[in-house]
Amino acid sequence: MTVQQMQQQLINQISAINDEDILRMIEEELSYSLQSSSDLSELLTETDLKELTMLANEPIDKNTISLNEFNSIMEQWRMK
């Protein structure tokens with residue numbers, strides 16, 4: 001896909017959006033990306049970067065619960 005095709009595709013998608021929150025999010029993300037060419041990881045301390053790397057490398061199923069278990073917990077929480 002050419003740059004012009006990508007631009008047109010994005011224009012079409014944005015033109016179809018009527019949700020103000022989504023448009024605001026796109027505007028903020030685009031504004032930040034255009035103003036800042038720095039790599040966000042450069043803002044992290046060495047400790048933060050190590051922790052983020054460790055978390056990213058954790059097994060996907062670690063500390064997760066099933067949807068049924070989640071729903072059960074939420075039902076109990078809502079009753080309190």
# chains A, B, ... in the order shown; residues from 1 in each chain; ligands from 1
call {"tool": "residues_around", "arguments": {"residues": "stretch 26-29 of chain A", "least_positions_apart": "3", "cutoff": "12 Å", "atoms": "only C-alpha atoms", "output": "list of chain:residue names"}}
result
A:Leu10, A:Ile11, A:Gln13, A:Ile14, A:Ile17, A:Asp19, A:Glu20, A:Asp21, A:Ile22, A:Leu23, A:Tyr32, A:Ser33, A:Leu34, A:Gln35, A:Ser36
call {"tool": "write_last_selection", "arguments": {"atoms": "N, CA and C atoms", "output": "PDB file, in the first residue's frame"}}
result
ATOM      1  N   LEU A  10      -6.967   6.208   6.078  1.00  0.00           N
ATOM      2  CA  LEU A  10      -7.130   6.823   7.393  1.00  0.00           C
ATOM      3  C   LEU A  10      -8.154   7.957   7.352  1.00  0.00           C
ATOM      4  N   ILE A  11      -8.110   8.764   6.326  1.00  0.00           N
ATOM      5  CA  ILE A  11      -9.080   9.853   6.173  1.00  0.00           C
ATOM      6  C   ILE A  11     -10.494   9.286   6.123  1.00  0.00           C
ATOM      7  N   GLN A  13     -11.552   6.399   7.327  1.00  0.00           N
ATOM      8  CA  GLN A  13     -11.910   5.839   8.627  1.00  0.00           C
ATOM      9  C   GLN A  13     -12.255   6.938   9.626  1.00  0.00           C
ATOM     10  N   ILE A  14     -11.447   7.980   9.655  1.00  0.00           N
ATOM     11  CA  ILE A  14     -11.694   9.078  10.594  1.00  0.00           C
ATOM     12  C   ILE A  14     -12.982   9.808  10.244  1.00  0.00           C
ATOM     13  N   ILE A  17     -16.078   8.315  11.806  1.00  0.00           N
ATOM     14  CA  ILE A  17     -16.185   8.285  13.263  1.00  0.00           C
ATOM     15  C   ILE A  17     -17.026   9.456  13.747  1.00  0.00           C
ATOM     16  N   ASP A  19     -17.864   9.432  17.225  1.00  0.00           N
ATOM     17  CA  ASP A  19     -17.644   9.396  18.663  1.00  0.00           C
ATOM     18  C   ASP A  19     -16.571  10.431  19.037  1.00  0.00           C
ATOM     19  N   GLU A  20     -16.982  11.416  19.817  1.00  0.00           N
ATOM     20  CA  GLU A  20     -16.083  12.508  20.181  1.00  0.00           C
ATOM     21  C   GLU A  20     -14.870  12.022  20.977  1.00  0.00           C
ATOM     22  N   ASP A  21     -15.059  11.028  21.837  1.00  0.00           N
ATOM     23  CA  ASP A  21     -13.953  10.500  22.641  1.00  0.00           C
ATOM     24  C   ASP A  21     -12.896   9.840  21.759  1.00  0.00           C
ATOM     25  N   ILE A  22     -13.329   9.091  20.766  1.00  0.00           N
ATOM     26  CA  ILE A  22     -12.383   8.434  19.862  1.00  0.00           C
ATOM     27  C   ILE A  22     -11.627   9.483  19.056  1.00  0.00           C
ATOM     28  N   LEU A  23     -12.326  10.477  18.568  1.00  0.00           N
ATOM     29  CA  LEU A  23     -11.669  11.538  17.801  1.00  0.00           C
ATOM     30  C   LEU A  23     -10.653  12.294  18.659  1.00  0.00           C
ATOM     31  N   TYR A  32       0.884  14.116  19.799  1.00  0.00           N
ATOM     32  CA  TYR A  32       2.079  13.681  20.526  1.00  0.00           C
ATOM     33  C   TYR A  32       3.119  13.093  19.578  1.00  0.00           C
ATOM     34  N   SER A  33       2.656  12.244  18.662  1.00  0.00           N
ATOM     35  CA  SER A  33       3.579  11.572  17.742  1.00  0.00           C
ATOM     36  C   SER A  33       4.278  12.563  16.819  1.00  0.00           C
ATOM     37  N   LEU A  34       3.571  13.594  16.397  1.00  0.00           N
ATOM     38  CA  LEU A  34       4.169  14.583  15.501  1.00  0.00           C
ATOM     39  C   LEU A  34       5.130  15.516  16.235  1.00  0.00           C
ATOM     40  N   GLN A  35       4.859  15.805  17.487  1.00  0.00           N
ATOM     41  CA  GLN A  35       5.698  16.725  18.251  1.00  0.00           C
ATOM     42  C   GLN A  35       6.929  16.049  18.835  1.00  0.00           C
ATOM     43  N   SER A  36       6.834  14.776  19.105  1.00  0.00           N
ATOM     44  CA  SER A  36       7.910  14.075  19.787  1.00  0.00           C
ATOM     45  C   SER A  36       8.473  12.981  18.901  1.00  0.00           C
TER      46      SER A  36
END
call {"tool": "select_by_dssp", "arguments": {"residues": "chain A", "states": "helix (DSSP H, G or I)", "output": "PyMOL selection string"}}
result
chain A and resi 3-15+20-35+40-43+46-56+67-79
call {"tool": "atom_distance", "arguments": {"atom1": "atom CA of A:Met54", "atom2": "atom CA of A:Leu40"}}
result
17.2 Å
call {"tool": "decode", "arguments": {"residues": "stretch 31-52 of chain A", "atoms": "C-alpha atoms", "output": "compact mmCIF listing (two decimals), in the first residue's frame"}}
result
# COMPACT_ATOMS: atom_id res chain seq x y z
CA SER A 31 -0.31 15.45 18.17
CA TYR A 32 2.08 13.68 20.53
CA SER A 33 3.58 11.57 17.74
CA LEU A 34 4.17 14.58 15.50
CA GLN A 35 5.70 16.73 18.25
CA SER A 36 7.91 14.07 19.79
CA SER A 37 10.38 12.05 17.83
CA SER A 38 11.96 10.58 20.95
CA ASP A 39 11.77 6.93 21.89
CA LEU A 40 9.57 6.59 24.99
CA SER A 41 11.87 3.92 26.37
CA GLU A 42 14.54 6.62 26.73
CA LEU A 43 12.39 8.20 29.46
CA LEU A 44 12.51 5.02 31.57
CA THR A 45 15.07 4.42 34.26
CA GLU A 46 17.20 1.30 33.96
CA THR A 47 15.12 -0.30 36.73
CA ASP A 48 11.86 0.59 34.95
CA LEU A 49 13.14 -0.83 31.67
CA LYS A 50 14.21 -4.08 33.35
CA GLU A 51 10.80 -4.41 35.03
CA LEU A 52 8.95 -3.69 31.80
